[in-house]
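The block underneath contains the structure these notes are about, expressed in structure tokens.
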Amino acid sequence: MGSKESDPSLGYLTRKETEVKLPRPTRVKNKTPAPIQITAEQILREARERQEAEIRPPKQKITDPTELADYRLRKRKEFEDKIRRVRWNIGVWIKYAQWEESQKDFARARSIWERALEVDYRNHTLWLKYAEVEMKNKFINHARNVWDRAVSLLPRVDQLWYKYIHMEEILGNVAGARQIFERWMSWWPDKQGWLSYIKFELRYNEIERARKIFERFVDCHPKVVSWIRFAKFEMKNGEVARARNIYERAVERLADDEEAEQLFVAFAEFEERCKETERARCIYKFALDHIPKGRAEDLYKKYVAFEKQYGDKEGIEDAIVGKRRFQYEEEVRKSPLNYDTWFDYIRLEESVGNKDRIREVYERAIANVPPAEEKRYWQRYIYLWINYALYEELDTEDMERTRDVYRECLKLIPHQKFSFAKIWLLAAQFEIRQKNLEGARKLLGNAIGRAPKDKIFKKYIEIELQLGNINRCRTLYEKYLEWAPENCYAWSKYAELERSLSETERARAIFELAIAQPALDMPELLWKAYIDFEISESEFDRTRKLYENLLDRTKHLKVWISYAKFEATAGMEGGDKLGATAGNEDGGKLVANANVEGSSNMLDENDQALLQEQRTQCVERARRIFERAVNYFRTSEPELKEERAMLLEEWLNMESSFGGTGDVSLVQNKLPKKLKKRREIVSEDGPAGYEEYYDYIFPEETAAPNLKILEAAYKWKKQKLTHNEE
């Protein structure tokens, strides 16, 4: 039984033997609160009471000189031993000296202080303690000696000077204190030392001395704060002229300082307190012109507040413009390639109307050339040049500067990679406005040579056409087509030009060249233009050839319908000629309205018969085209059922429009049935539902299934007879 329970993985021990027995958690049987509750305060008090008493050395009472001498000897030995061990520890020296002082042995105390100073004379704490001991015990000359040595050895420690001067001032030795200040000032201390000297003199009402010290102070510390303090000192003493003079001297010296904004604000506020508002305004404007915009934020705020308080409407607007100018300066400084900010900034300056500032901002804006030679980066930038040129032309009326702007812009654009037709055209139009036709032609010719574009060709041709230079227009069209032989617009316009000049053969030759091109961007427009041209010239045979050539290239539904409509109306054009040859003025109108009953009564019977015959021929030719189209879609493109149905519908409409000559029954037998069906939508992930669509069932498709059903029935009957015979 034991072997069954043992586990080889546990070293043949049983599970019970390997179990870890944890102590059972104690269970509180009685959970009611104890009658006596113990607080934390009681626990702490009890711990305090149980602490053992601190062992302290017994107090010794000295009763005679011998014991005192022994005590002093023992104490000195302890201090000397400590000094030998830790000679560099200044605290030991100080305790030793203070102990000797407590024993009223000042000679020994001085000796210890001197020994400590030999160890570390650079420690100003030693000097302070030493001098305080001498002062406390009223050894004034000794204290002066200590202070004098201290400031001689450590002249850069201001505390020593302050204590020395304070002692002399307490003793009433004002001249001595002044002498110490002069010694200190020879070391060019920080501004607090100078201000202490000035306050010292002011305490004794020595205004002139304080003024001279201020002069030396601003020479030693030529900071904005120093000059402002000096000016405030004079203002406090009622010396307005002196204060203004100090501010003016400060502006001369510190106009380019980083803290100049603070100086100008203080100067303007001073003038404002003196009721000199014009002076204050001039100071603000001078400051705004000279201080960099990034450091003039507070100045702008003060200026706007000043103008709101003292200025008129123009002054307030000027202040607000200045504030907005500051904001734009900040924005263009952070992101100089943000051209929208430049546009806003320029618009602001143009609203003010200062030509020099406007030109300066334009020049700064166009100096930020896009870093990459890609057109998308230049599209906003180029409008800076355009606006600059238009401003020079329209606002300043400086034509030479306008010409220079266009020239520099065209020089800057990398025409080998991309160009802007707008710039070329604006420059050329500017030259035309200046009646410099040769200059405009040079610009446009240069544009065609360096960066040909559709817009440039069109505009150049338009200009020459307005001037009546037909030969130049022909040359330009030839250049245009050499550059873009696939451009159907250019071919059509060229042919249209020749046609307007009654050069029919030239126009036809251009159309022939055009349709012979291997690639065209919009061939349908070109063919339509050619066909319309031949129809307008009443060349119906040529038009038919064109349609046949077009059908050799494409069998599109629209081509068939257009061909059929042409054949349906070609007879009408012939009727117009007939009416004209008959000498009847209204013949053309009557034939044009040939579908209206009784409209041809004014013609004799022979003419009516001839007209009817031509109309019949016209209808027959249109029908033949429709039949060819239907046969093509039925045999060659059977899947294009919708196009075939549309073709039959057009045919039906045309037969209806023929009136008595038309035969609607010819088409009605061929019309399909329109059925709504559903088909499964299959996506990349599998079936995605069903969609409805319209299908067309033509008559020949409905006959075929019926024949198949009859054939299947005949087979079934034959099989049944054979089975019966067997």
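Going through the structure tokens in order, the chains are called A, B, and so on, while each chain numbers its residues from 1 and the ligands are numbered from 1 in the order shown.
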Within 12 Å of Asp148 of chain A using only C-alpha atoms, minus same-chain residues under 6 positions, as an NGL selection string = :A and (127-128 or 131 or 140-142 or 154-155 or 160-161 or 163-165 or 168 or 176 or 179-180 or 183-184)
Of the candidates A:Leu437, A:Cys488, A:Ile386, A:Ala116, which one gets nearest to Glu524 of chain A if we count only C-alpha atoms?
-> A:Cys488
Write down as a PyMOL selection string the residues of segment 214-289 of chain A whose backbone DSSP state falls under alpha helix (DSSP H).
-> chain A and resi 214-220+224-236+240-254+260-273+277-289
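Atom pair atom CA of Thr635 of chain A / atom CA of Glu680 of chain A: separated by 27.5 Å.
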Which neighbours of Ala109 of chain A fall inside 6 Å, counting only C-alpha atoms, when residues of the same chain fewer than 3 positions from it are skipped, and could you give them as number ranges by chain?
-> A: 97, 100-101, 106, 112
Saved selection, atoms kept: all heavy atoms, as an mmCIF file, in the first residue's frame:
data_model
loop_
_atom_site.group_PDB
_atom_site.id
_atom_site.type_symbol
_atom_site.label_atom_id
_atom_site.label_comp_id
_atom_site.auth_asym_id
_atom_site.auth_seq_id
_atom_site.Cartn_x
_atom_site.Cartn_y
_atom_site.Cartn_z
ATOM 1 N N ALA A 97 39.905 79.562 21.341
ATOM 2 C CA ALA A 97 40.058 80.998 21.560
ATOM 3 C C ALA A 97 38.917 81.544 22.415
ATOM 4 O O ALA A 97 39.124 82.395 23.304
ATOM 5 C CB ALA A 97 40.113 81.712 20.215
ATOM 6 N N GLU A 100 39.515 80.683 26.041
ATOM 7 C CA GLU A 100 40.498 81.577 26.643
ATOM 8 C C GLU A 100 39.874 82.945 26.938
ATOM 9 O O GLU A 100 40.169 83.586 27.948
ATOM 10 C CB GLU A 100 41.697 81.754 25.714
ATOM 11 C CG GLU A 100 42.581 80.528 25.577
ATOM 12 C CD GLU A 100 43.359 80.210 26.852
ATOM 13 O OE1 GLU A 100 43.243 80.967 27.843
ATOM 14 O OE2 GLU A 100 44.056 79.182 26.866
ATOM 15 N N GLU A 101 38.962 83.362 26.009
ATOM 16 C CA GLU A 101 38.268 84.633 26.237
ATOM 17 C C GLU A 101 37.388 84.539 27.487
ATOM 18 O O GLU A 101 37.304 85.489 28.295
ATOM 19 C CB GLU A 101 37.414 84.979 25.015
ATOM 20 C CG GLU A 101 36.675 86.299 25.150
ATOM 21 C CD GLU A 101 35.522 86.413 24.157
ATOM 22 O OE1 GLU A 101 35.373 85.500 23.292
ATOM 23 O OE2 GLU A 101 34.750 87.385 24.253
ATOM 24 N N PHE A 106 43.000 87.514 27.569
ATOM 25 C CA PHE A 106 42.875 88.030 26.202
ATOM 26 C C PHE A 106 44.178 87.903 25.424
ATOM 27 O O PHE A 106 44.156 87.739 24.209
ATOM 28 C CB PHE A 106 42.412 89.492 26.256
ATOM 29 C CG PHE A 106 41.057 89.648 26.861
ATOM 30 C CD1 PHE A 106 40.889 90.252 28.114
ATOM 31 C CD2 PHE A 106 39.931 89.164 26.207
ATOM 32 C CE1 PHE A 106 39.636 90.381 28.674
ATOM 33 C CE2 PHE A 106 38.676 89.303 26.780
ATOM 34 C CZ PHE A 106 38.518 89.908 28.011
ATOM 35 N N ILE A 112 45.994 82.618 20.201
ATOM 36 C CA ILE A 112 45.331 81.479 19.524
ATOM 37 C C ILE A 112 44.713 81.943 18.202
ATOM 38 O O ILE A 112 44.801 81.248 17.173
ATOM 39 C CB ILE A 112 44.270 80.877 20.467
ATOM 40 C CG1 ILE A 112 44.975 80.216 21.667
ATOM 41 C CG2 ILE A 112 43.422 79.852 19.725
ATOM 42 C CD1 ILE A 112 44.085 79.998 22.856
#
Do you have the atom CA of Phe233 of chain A-atom CA of Ala250 of chain A distance handy?
-> 14.5 Å
Neighbour list for segment 689-693 of chain A as a PyMOL selection string, cut-off 6 Å, only C-alpha atoms, skip fewer than 5 positions in-chain = chain A and resi 676-681
Write out, as a CSV table (one decimal), in the first residue's frame, the residues just selected, with N, CA, C and O atoms.
chain,number,residue,atom,x,y,z
A,676,LYS,N,-35.4,43.2,-65.1
A,676,LYS,CA,-34.6,43.4,-63.9
A,676,LYS,C,-34.1,42.1,-63.4
A,676,LYS,O,-35.0,41.2,-63.1
A,677,LYS,N,-32.8,42.0,-63.1
A,677,LYS,CA,-32.3,40.7,-62.6
A,677,LYS,C,-31.4,41.0,-61.4
A,677,LYS,O,-31.0,42.1,-61.1
A,678,ARG,N,-31.0,39.9,-60.8
A,678,ARG,CA,-30.0,40.0,-59.7
A,678,ARG,C,-28.8,39.1,-60.0
A,678,ARG,O,-28.9,38.1,-60.6
A,679,ARG,N,-27.7,39.6,-59.5
A,679,ARG,CA,-26.5,38.9,-59.6
A,679,ARG,C,-25.6,39.0,-58.4
A,679,ARG,O,-25.7,40.0,-57.6
A,680,GLU,N,-24.8,38.0,-58.1
A,680,GLU,CA,-24.0,38.0,-56.9
A,680,GLU,C,-22.8,38.9,-57.1
A,680,GLU,O,-22.1,38.9,-58.1
A,681,ILE,N,-22.5,39.6,-56.0
A,681,ILE,CA,-21.3,40.5,-55.9
A,681,ILE,C,-20.2,39.7,-55.3
A,681,ILE,O,-20.3,39.2,-54.2
Excluding same-chain residues fewer than 4 positions from segment 375-379 of chain A, what lies within 8 Å of it counting only C-alpha atoms, as a list in words?
->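 Within the cut-off, the hits are Pro370, Tyr383, Phe418 and Ser419 of chain A.
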So which one's closest to Phe200 of chain A, A:Val224, A:Gln159, A:Val174, A:Glu650? Using only C-alpha atoms, please.
-> A:Val174
